[in-house]
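See below for model.cif, which holds mmCIF, C-alpha atoms.
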data_work
#
loop_
_atom_site.label_atom_id
_atom_site.label_comp_id
_atom_site.auth_asym_id
_atom_site.auth_seq_id
_atom_site.Cartn_x
_atom_site.Cartn_y
_atom_site.Cartn_z
CA MET A 863 0.00 0.00 0.00
CA PRO A 864 1.47 3.40 -0.93
CA VAL A 865 2.45 5.63 1.97
CA SER A 866 1.45 9.27 2.13
CA LEU A 867 4.15 11.88 1.80
CA PRO A 868 5.24 13.25 5.21
CA PRO A 869 4.42 16.97 5.60
CA ALA A 870 8.07 17.95 6.14
CA LEU A 871 9.11 16.14 2.96
CA ASP A 872 6.30 17.79 1.03
CA LEU A 873 7.56 21.14 2.36
CA SER A 874 11.03 20.39 0.95
CA LEU A 875 10.04 19.12 -2.49
CA ASN A 876 11.06 22.29 -4.31
CA LEU A 877 14.62 21.79 -3.04
CA LEU A 878 14.98 18.30 -4.52
CA ARG A 879 16.14 17.35 -8.00
CA CYS A 880 16.03 13.97 -9.70
CA PRO A 881 19.42 12.33 -9.01
CA THR A 882 19.33 10.70 -12.44
CA CYS A 883 18.34 13.73 -14.53
CA ARG A 884 20.08 16.15 -12.14
CA THR A 885 17.91 19.14 -13.14
CA ARG A 886 14.30 17.96 -13.14
CA ARG A 887 12.07 18.51 -10.13
CA LEU A 888 10.41 15.68 -8.25
CA HIS A 889 6.71 15.49 -7.51
CA PRO A 890 4.69 13.13 -5.29
CA GLU A 891 2.82 10.28 -6.94
CA CYS A 892 1.18 7.37 -5.10
CA GLY A 893 3.42 7.75 -2.07
CA ALA A 894 6.62 7.96 -4.11
CA LEU A 895 8.64 10.75 -5.73
CA ARG A 896 8.73 10.93 -9.50
CA CYS A 897 10.41 13.20 -12.05
CA PRO A 898 8.74 14.32 -15.32
CA VAL A 899 10.46 11.64 -17.41
CA GLY A 900 9.49 8.80 -15.09
CA HIS A 901 12.38 8.18 -12.67
CA THR A 902 10.69 7.07 -9.46
CA PHE A 903 11.99 6.92 -5.89
CA ASP A 904 10.37 5.24 -2.91
CA THR A 905 9.20 6.91 0.25
CA ALA A 906 9.63 4.53 3.17
CA ARG A 907 6.82 3.97 5.63
CA HIS A 908 9.22 5.33 8.27
CA GLY A 909 8.97 8.76 6.65
CA TYR A 910 12.18 9.23 4.65
CA ALA A 911 12.70 9.18 0.89
CA SER A 912 15.45 7.16 -0.78
CA LEU A 913 17.03 8.87 -3.77
CA LEU A 914 20.05 6.58 -3.92
CA THR A 915 20.69 5.00 -7.30
CA GLY A 916 23.17 2.41 -8.52
CA THR A 917 25.66 0.94 -6.04
CA ARG A 918 24.51 1.48 -2.48
CA ALA A 919 26.78 3.15 0.02
CA THR A 920 28.00 0.71 2.67
CA SER A 921 29.51 3.08 5.23
CA GLY A 922 26.30 4.16 6.94
CA ASP A 923 25.74 3.47 10.62
CA ASP A 924 24.20 0.09 11.37
CA ALA A 925 21.32 -0.51 13.77
CA ALA A 926 23.54 -1.00 16.83
CA MET A 927 25.50 2.20 16.17
CA VAL A 928 22.32 4.22 15.65
CA GLN A 929 20.75 2.88 18.82
CA ALA A 930 23.90 3.65 20.83
CA ARG A 931 24.09 7.16 19.37
CA ASP A 932 20.45 7.89 20.11
CA ARG A 933 20.82 6.72 23.70
CA PHE A 934 24.02 8.66 24.30
CA LEU A 935 22.71 11.89 22.77
CA SER A 936 19.57 11.60 24.90
CA THR A 937 21.74 12.09 28.00
CA GLY A 938 22.46 15.69 26.96
CA ALA A 939 26.22 15.16 27.06
CA TYR A 940 26.60 16.73 23.61
CA ALA A 941 24.01 19.48 24.15
CA PRO A 942 26.69 22.26 24.09
CA ILE A 943 27.78 21.05 20.64
CA ARG A 944 24.19 21.17 19.43
CA GLU A 945 23.82 24.65 20.93
CA VAL A 946 26.89 26.13 19.24
CA GLY A 947 25.76 24.85 15.83
CA ALA A 948 22.30 26.31 16.38
CA ARG A 949 23.74 29.63 17.54
CA LEU A 950 26.03 29.99 14.52
CA ALA A 951 23.09 29.21 12.24
CA ALA A 952 20.70 31.61 13.99
CA VAL A 953 22.99 34.62 13.60
CA ALA A 954 23.52 33.95 9.90
CA VAL A 955 20.02 33.36 8.54
CA SER A 956 16.46 34.57 8.89
CA GLU A 957 13.86 32.47 10.66
CA GLN A 958 12.41 31.51 7.26
CA GLY A 959 15.60 29.86 6.02
CA THR A 960 16.40 26.41 4.67
CA VAL A 961 18.82 24.16 6.56
CA VAL A 962 20.46 21.12 4.96
CA ASP A 963 22.22 18.72 7.33
CA VAL A 964 24.80 16.59 5.52
CA GLY A 965 25.42 13.30 7.27
CA CYS A 966 22.50 14.08 9.57
CA GLY A 967 22.48 10.82 11.53
CA THR A 968 19.49 10.74 13.85
CA GLY A 969 18.66 14.41 13.19
CA TYR A 970 19.75 15.56 16.66
CA TYR A 971 21.76 18.57 15.48
CA LEU A 972 19.32 19.54 12.73
CA ALA A 973 16.48 19.60 15.25
CA GLY A 974 18.55 21.89 17.46
CA VAL A 975 18.98 24.40 14.63
CA LEU A 976 15.29 24.30 13.70
CA ASP A 977 14.33 24.95 17.32
CA GLN A 978 16.24 28.25 17.04
CA LEU A 979 14.65 29.15 13.69
CA PRO A 980 10.87 28.85 14.16
CA GLY A 981 10.00 29.41 10.50
CA ALA A 982 12.81 27.41 8.91
CA ARG A 983 12.60 24.04 7.19
CA GLY A 984 15.23 21.33 7.37
CA LEU A 985 16.44 18.48 5.19
CA GLY A 986 18.78 15.75 6.40
CA LEU A 987 20.93 13.59 4.12
CA ASP A 988 22.46 10.30 5.27
CA THR A 989 23.27 6.83 3.95
CA SER A 990 22.03 4.98 7.03
CA VAL A 991 18.39 3.97 6.72
CA ARG A 992 18.41 3.11 10.43
CA ALA A 993 19.44 6.66 11.29
CA LEU A 994 17.00 8.15 8.79
CA ARG A 995 14.09 6.46 10.54
CA LEU A 996 14.88 8.63 13.55
CA ALA A 997 15.84 11.72 11.54
CA ALA A 998 12.45 11.69 9.81
CA ARG A 999 10.83 12.05 13.26
CA ALA A 1000 13.42 14.34 14.86
CA HIS A 1001 11.47 17.54 14.17
CA ASP A 1002 8.15 18.37 12.56
CA ARG A 1003 9.91 20.65 10.04
CA ALA A 1004 12.73 18.22 9.19
CA ALA A 1005 12.60 15.91 6.17
CA ALA A 1006 15.04 13.04 5.66
CA VAL A 1007 16.51 11.64 2.45
CA ALA A 1008 18.81 8.67 1.87
CA TRP A 1009 21.84 9.93 -0.02
CA ASP A 1010 25.61 9.39 -0.27
CA VAL A 1011 27.22 12.76 0.51
CA PHE A 1012 30.23 11.98 -1.67
CA ARG A 1013 28.00 12.15 -4.75
CA PRO A 1014 26.52 15.35 -6.22
CA PHE A 1015 23.61 16.26 -3.96
CA PRO A 1016 20.05 15.81 -5.31
CA LEU A 1017 19.40 19.49 -4.58
CA ALA A 1018 18.86 22.62 -6.62
CA ASP A 1019 21.63 25.21 -6.96
CA GLU A 1020 21.65 27.78 -4.14
CA ALA A 1021 18.89 25.94 -2.29
CA ALA A 1022 20.25 26.26 1.25
CA ASP A 1023 20.79 29.13 3.67
CA ILE A 1024 22.64 26.82 6.06
CA VAL A 1025 24.56 23.63 5.35
CA LEU A 1026 25.29 21.78 8.58
CA ASP A 1027 28.13 19.25 8.84
CA VAL A 1028 28.64 17.81 12.33
CA PHE A 1029 31.18 14.97 12.65
CA ALA A 1030 30.29 14.07 9.06
CA PRO A 1031 32.00 13.57 5.69
CA ARG A 1032 32.43 16.67 3.53
CA ASN A 1033 31.86 17.49 -0.12
CA PRO A 1034 33.21 21.04 -0.54
CA ALA A 1035 32.21 21.61 -4.17
CA GLU A 1036 28.65 20.55 -3.46
CA PHE A 1037 28.52 22.63 -0.30
CA ARG A 1038 29.35 25.69 -2.38
CA ARG A 1039 26.92 24.80 -5.17
CA VAL A 1040 23.88 24.40 -2.92
CA LEU A 1041 24.62 27.38 -0.66
CA ARG A 1042 23.05 30.72 -1.40
CA PRO A 1043 25.55 33.61 -1.79
CA THR A 1044 24.60 34.86 1.68
CA GLY A 1045 24.53 31.35 3.17
CA ARG A 1046 26.80 29.67 5.69
CA LEU A 1047 28.41 26.26 5.99
CA ILE A 1048 28.79 25.20 9.62
CA VAL A 1049 31.38 22.50 10.24
CA VAL A 1050 31.83 20.89 13.65
CA ARG A 1051 34.81 18.57 14.10
CA PRO A 1052 36.85 17.14 16.99
CA THR A 1053 40.14 18.53 18.26
CA GLY A 1054 42.97 16.26 19.32
CA ARG A 1055 41.71 16.37 22.92
CA HIS A 1056 38.24 15.10 22.08
CA LEU A 1057 37.46 11.91 24.04
CA ALA A 1058 41.18 11.54 24.80
CA GLU A 1059 40.52 9.60 28.01
CA LEU A 1060 38.36 7.09 26.17
CA ARG A 1061 40.72 6.72 23.22
CA GLY A 1062 43.59 6.20 25.64
CA GLN A 1063 41.86 3.25 27.27
CA VAL A 1064 40.25 1.72 24.17
CA PRO A 1065 43.16 1.55 21.70
CA ALA A 1066 40.98 0.27 18.86
CA MET A 1067 39.16 3.61 18.68
CA VAL A 1068 40.16 5.84 15.78
CA THR A 1069 42.65 8.55 16.68
CA ILE A 1070 42.39 12.19 15.58
CA ASP A 1071 44.70 13.02 12.68
CA PRO A 1072 46.98 15.88 13.84
CA ALA A 1073 46.88 17.28 10.28
CA LYS A 1074 43.07 17.32 10.25
CA GLU A 1075 42.76 21.12 10.33
CA GLN A 1076 45.25 21.59 7.51
CA ARG A 1077 43.42 19.07 5.36
CA LEU A 1078 40.10 20.77 6.10
CA ASP A 1079 41.52 24.17 5.11
CA ARG A 1080 42.93 22.80 1.85
CA ALA A 1081 39.64 21.14 0.95
CA LEU A 1082 37.34 24.08 1.70
CA ASN A 1083 39.53 27.06 0.82
CA PRO A 1084 38.84 27.05 -2.96
CA PHE A 1085 35.11 27.33 -2.30
CA LEU A 1086 34.54 28.98 1.09
CA GLU A 1087 36.25 31.24 3.60
CA VAL A 1088 36.11 31.33 7.39
CA ALA A 1089 33.64 33.77 8.93
CA VAL A 1090 33.98 32.75 12.59
CA THR A 1091 35.28 29.84 14.67
CA GLU A 1092 34.29 28.86 18.20
CA GLN A 1093 35.89 26.24 20.41
CA VAL A 1094 33.75 24.20 22.76
CA GLU A 1095 35.52 22.20 25.45
CA TYR A 1096 34.22 20.73 28.68
CA SER A 1097 34.35 17.61 30.83
CA VAL A 1098 31.47 15.14 30.98
CA PRO A 1099 30.96 12.53 33.71
CA LEU A 1100 30.23 9.07 32.34
CA THR A 1101 28.45 6.09 33.75
CA ARG A 1102 29.76 2.78 32.44
CA LEU A 1103 26.66 2.52 30.25
CA ASP A 1104 27.26 6.02 28.84
CA ALA A 1105 30.83 5.08 28.00
CA LEU A 1106 29.72 1.88 26.29
CA HIS A 1107 27.22 3.82 24.19
CA LEU A 1108 29.88 6.40 23.33
CA VAL A 1109 32.21 3.67 22.08
CA ALA A 1110 29.46 1.78 20.27
CA MET A 1111 28.10 4.81 18.38
CA LYS A 1112 31.33 5.46 16.51
CA PRO A 1113 32.59 3.77 13.31
CA SER A 1114 35.58 2.44 15.24
CA ALA A 1115 33.10 0.28 17.19
CA ARG A 1116 33.43 -2.19 14.33
CA HIS A 1117 37.04 -2.73 15.44
CA VAL A 1118 36.45 -2.92 19.19
CA SER A 1119 36.29 -6.48 20.54
CA ARG A 1120 34.28 -7.66 23.54
CA ALA A 1121 37.58 -8.26 25.30
CA ASP A 1122 38.35 -4.54 25.03
CA LEU A 1123 35.25 -3.75 27.09
CA ASN A 1124 34.82 -6.68 29.46
CA ASP A 1125 36.89 -5.31 32.34
CA GLY A 1126 34.93 -2.64 34.19
CA SER A 1127 38.16 -0.73 34.86
CA VAL A 1128 38.80 -0.19 31.15
CA LEU A 1129 36.36 2.68 30.62
CA PRO A 1130 36.85 6.15 32.16
CA ASP A 1131 34.28 7.80 34.43
CA GLN A 1132 34.66 11.16 32.71
CA VAL A 1133 35.76 12.36 29.32
CA THR A 1134 36.81 15.60 27.64
CA VAL A 1135 34.57 16.89 24.88
CA SER A 1136 36.53 19.23 22.62
CA VAL A 1137 35.36 20.49 19.22
CA LEU A 1138 35.81 23.39 16.84
CA ALA A 1139 32.73 24.88 15.18
CA THR A 1140 33.37 27.09 12.15
CA ALA A 1141 30.93 29.08 10.03
CA TYR A 1142 32.16 29.49 6.45
CA GLN A 1143 30.83 31.89 3.82
CA PRO A 1144 30.95 31.32 0.05
CA ARG A 1145 33.78 32.90 -1.90
#

Could you render the structure as structure tokens?
Amino acid sequence: MPVSLPPALDLSLNLLRCPTCRTRRLHPECGALRCPVGHTFDTARHGYASLLTGTRATSGDDAAMVQARDRFLSTGAYAPIREVGARLAAVAVSEQGTVVDVGCGTGYYLAGVLDQLPGARGLGLDTSVRALRLAARAHDRAAAVAWDVFRPFPLADEAADIVLDVFAPRNPAEFRRVLRPTGRLIVVRPTGRHLAELRGQVPAMVTIDPAKEQRLDRALNPFLEVAVTEQVEYSVPLTRLDALHLVAMKPSARHVSRADLNDGSVLPDQVTVSVLATAYQPR
């Protein structure tokens, strides 16, 4: 039985373009999205649309990672990160703006921005269908679309006032293409001190590349320039369950064995959260 189009997705239809044709708009038809020449894309009963074509991305979070992330974020431990992203967005765009969250995960950060912009609409892109099930329900003005962010986005040129990228992969050329001339890209990424206590005790966790900032600058500089950067750093107390969720929600969880976590003394009871949040403007 066809599913009806979620209101937030209907609100975002004029942003979307057929990923096959690249320029043609999509319209709803029998619970799916269809372009004028007949390319059709399903809308899942969970509320997100899948525009992925061809080979499917395999790097998206699996069910266990998504569940761990949702549970950890629900503790409020990352609320200051959500707040800085929302603040940078709110000072750069009117309340009627359009926010695109690239690598949106469960929609936690997108919802935070939309809470600060009462008239704005949001669209989250992610490869993980498990995460998109939550993202599609994260906010009543947030739509969710399955998409691989390394491919050209299925979005119109200059469609977004804000592009949000929190702990997510980056596609600089596409960021620039979909941003309006007055728009902002907001990138949140870890510093070398982020979760240092946890990484020190769980060696299988991915380390932070010391050249990360230089690589980011090289990638974005041809397309965007820095408007403002804020650092957010604080200490968070952890229960053992919090720490387990924090480990399990990250891609490196695939490389962490049960033996790494069996001893109760392995996991720290507090951890440093340390990130940089930068707003970029188009060149």

Using 9 Å as the limit and counting all atoms listed in the file, can you tabulate each residue of range 998-1042 of chain A that touches range 1078-1081 of chain A, with its shortest atom-to-atom distance in Å and the two atoms involved, as a tab-separated table?
residue	atom	partner	partner_atom	distance
A:Arg1032	CA	A:Ala1081	CA	8.9
A:Asn1033	CA	A:Ala1081	CA	8.7
A:Pro1034	CA	A:Ala1081	CA	6.6

Chain and number of each residue from the PyMOL selection byres ((chain A and resi 878) around 7), as a count of residues only: 10

Expected selection from the PyMOL selection byres ((chain A and resi 1083) around 12), given as a ChimeraX atom specification: /A:1034-1035,1037-1038,1075-1082,1084-1088,1142-1145

Nearby residues (only C-alpha atoms) at most 8 Å from Gly947 in chain A, same-chain spacing under 6 positions excluded, as a list in words: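 Contacts, with the query itself left out: Tyr971, Gly974, Val975, Leu1026, Ile1048, Val1050 and Ala1139 of chain A.
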
Residues in the PyMOL selection byres ((chain A and resi 933-937) around 9), expressed as number ranges by chain: A: 928-932, 938-941, 970, 1103-1105, 1107-1108, 1111

Between CA of Ala1089 in chain A and CA of Val962 in chain A - distance in Å to one decimal: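 A separation of 18.7 Å between them.
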
Computed interatomic separation between CA of Val955 in chain A and CA of Arg1013 in chain A (Å):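 If I compute the distance from CA of Val955 in chain A to CA of Arg1013 in chain A, I get 26.3 Å.
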
Interatomic distance, CA of Asp1010 in chain A to CA of Pro898 in chain A (Å, one decimal): 23.1 Å

Which of A:Gly986, A:Pro1099, A:Gly900, A:Pro1113 sits closest to Gln1132 in chain A [using only C-alpha atoms]: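 Residue with the minimum atom-to-atom distance to Gln1132 in chain A: A:Pro1099.
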
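Distance check against Met927 in chain A using all atoms listed in the file: of A:Thr1140, A:Ser874, A:Ser990, A:Ser912, the minimum falls on A:Ser990.
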
Option closest in space to Arg1003 in chain A, from A:Arg1042, A:Arg983, A:His908, A:Arg1055 [counting all atoms listed in the file]: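 For Arg1003 in chain A, the nearest of the candidates is A:Arg983.
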
Could the centre and edge lengths of an axis-aligned box, enclosing all atoms of range 867-880 of chain A in the file with 4 Å extra on each side, be given in Å to one decimal as JSON?
{"center_x": 10.1, "center_y": 17.1, "center_z": -1.8, "size_x": 20.0, "size_y": 18.4, "size_z": 23.8}

Close residues, Cys883 in chain A itself excluded, 9 Å, all atoms listed in the file, min 4 positions apart in chain, as JSON, numbers by chain: {"A": [879, 897, 899, 901]}

With all atoms listed in the file counted, which protein, DNA or RNA residues have an atom no more than 12 Å from (33.5, 14.1, 12.9) in the file frame? Please answer as a PDB file with C-alpha atoms, in the coordinates of the input.
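That gives us out-v3.pdb:
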ATOM      1  CA  ILE A 943      27.780  21.050  20.640  1.00  0.00           C
ATOM      2  CA  VAL A 964      24.800  16.590   5.520  1.00  0.00           C
ATOM      3  CA  GLY A 965      25.420  13.300   7.270  1.00  0.00           C
ATOM      4  CA  CYS A 966      22.500  14.080   9.570  1.00  0.00           C
ATOM      5  CA  GLY A 967      22.480  10.820  11.530  1.00  0.00           C
ATOM      6  CA  ASP A1027      28.130  19.250   8.840  1.00  0.00           C
ATOM      7  CA  VAL A1028      28.640  17.810  12.330  1.00  0.00           C
ATOM      8  CA  PHE A1029      31.180  14.970  12.650  1.00  0.00           C
ATOM      9  CA  ALA A1030      30.290  14.070   9.060  1.00  0.00           C
ATOM     10  CA  PRO A1031      32.000  13.570   5.690  1.00  0.00           C
ATOM     11  CA  ARG A1032      32.430  16.670   3.530  1.00  0.00           C
ATOM     12  CA  VAL A1049      31.380  22.500  10.240  1.00  0.00           C
ATOM     13  CA  VAL A1050      31.830  20.890  13.650  1.00  0.00           C
ATOM     14  CA  ARG A1051      34.810  18.570  14.100  1.00  0.00           C
ATOM     15  CA  PRO A1052      36.850  17.140  16.990  1.00  0.00           C
ATOM     16  CA  THR A1053      40.140  18.530  18.260  1.00  0.00           C
ATOM     17  CA  GLY A1054      42.970  16.260  19.320  1.00  0.00           C
ATOM     18  CA  HIS A1056      38.240  15.100  22.080  1.00  0.00           C
ATOM     19  CA  VAL A1068      40.160   5.840  15.780  1.00  0.00           C
ATOM     20  CA  THR A1069      42.650   8.550  16.680  1.00  0.00           C
ATOM     21  CA  ILE A1070      42.390  12.190  15.580  1.00  0.00           C
ATOM     22  CA  ASP A1071      44.700  13.020  12.680  1.00  0.00           C
ATOM     23  CA  LYS A1074      43.070  17.320  10.250  1.00  0.00           C
ATOM     24  CA  GLU A1075      42.760  21.120  10.330  1.00  0.00           C
ATOM     25  CA  LEU A1078      40.100  20.770   6.100  1.00  0.00           C
ATOM     26  CA  LYS A1112      31.330   5.460  16.510  1.00  0.00           C
ATOM     27  CA  PRO A1113      32.590   3.770  13.310  1.00  0.00           C
ATOM     28  CA  SER A1136      36.530  19.230  22.620  1.00  0.00           C
ATOM     29  CA  VAL A1137      35.360  20.490  19.220  1.00  0.00           C
ATOM     30  CA  LEU A1138      35.810  23.390  16.840  1.00  0.00           C
ATOM     31  CA  ALA A1139      32.730  24.880  15.180  1.00  0.00           C
TER      32      ALA A1139
END

Minimum-distance residue to Gly916 in chain A, chosen among A:Gly1062, A:Gly1045, A:Pro881, A:Pro980 (using only C-alpha atoms):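 Using only C-alpha atoms, the shortest distance to Gly916 in chain A belongs to A:Pro881.
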
Selected residue, from A:Gln978, A:Gln1093, A:Thr968, A:Gln1063, that lies nearest to Arg949 in chain A when counting all atoms listed in the file: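 Of A:Gln978, A:Gln1093, A:Thr968, A:Gln1063, the one nearest Arg949 in chain A is A:Gln978, counting all atoms listed in the file.
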
Closest of A:Leu972, A:Ser956, A:Ala911, A:Leu979 to Arg995 in chain A - atom-to-atom distances counting all atoms listed in the file: A:Ala911

Residue list as a ChimeraX atom specification for point (8.6, 10.8, 12.3), cut-off 12 Å, all atoms listed in the file: /A:867-871,906-910,968-969,993-1006
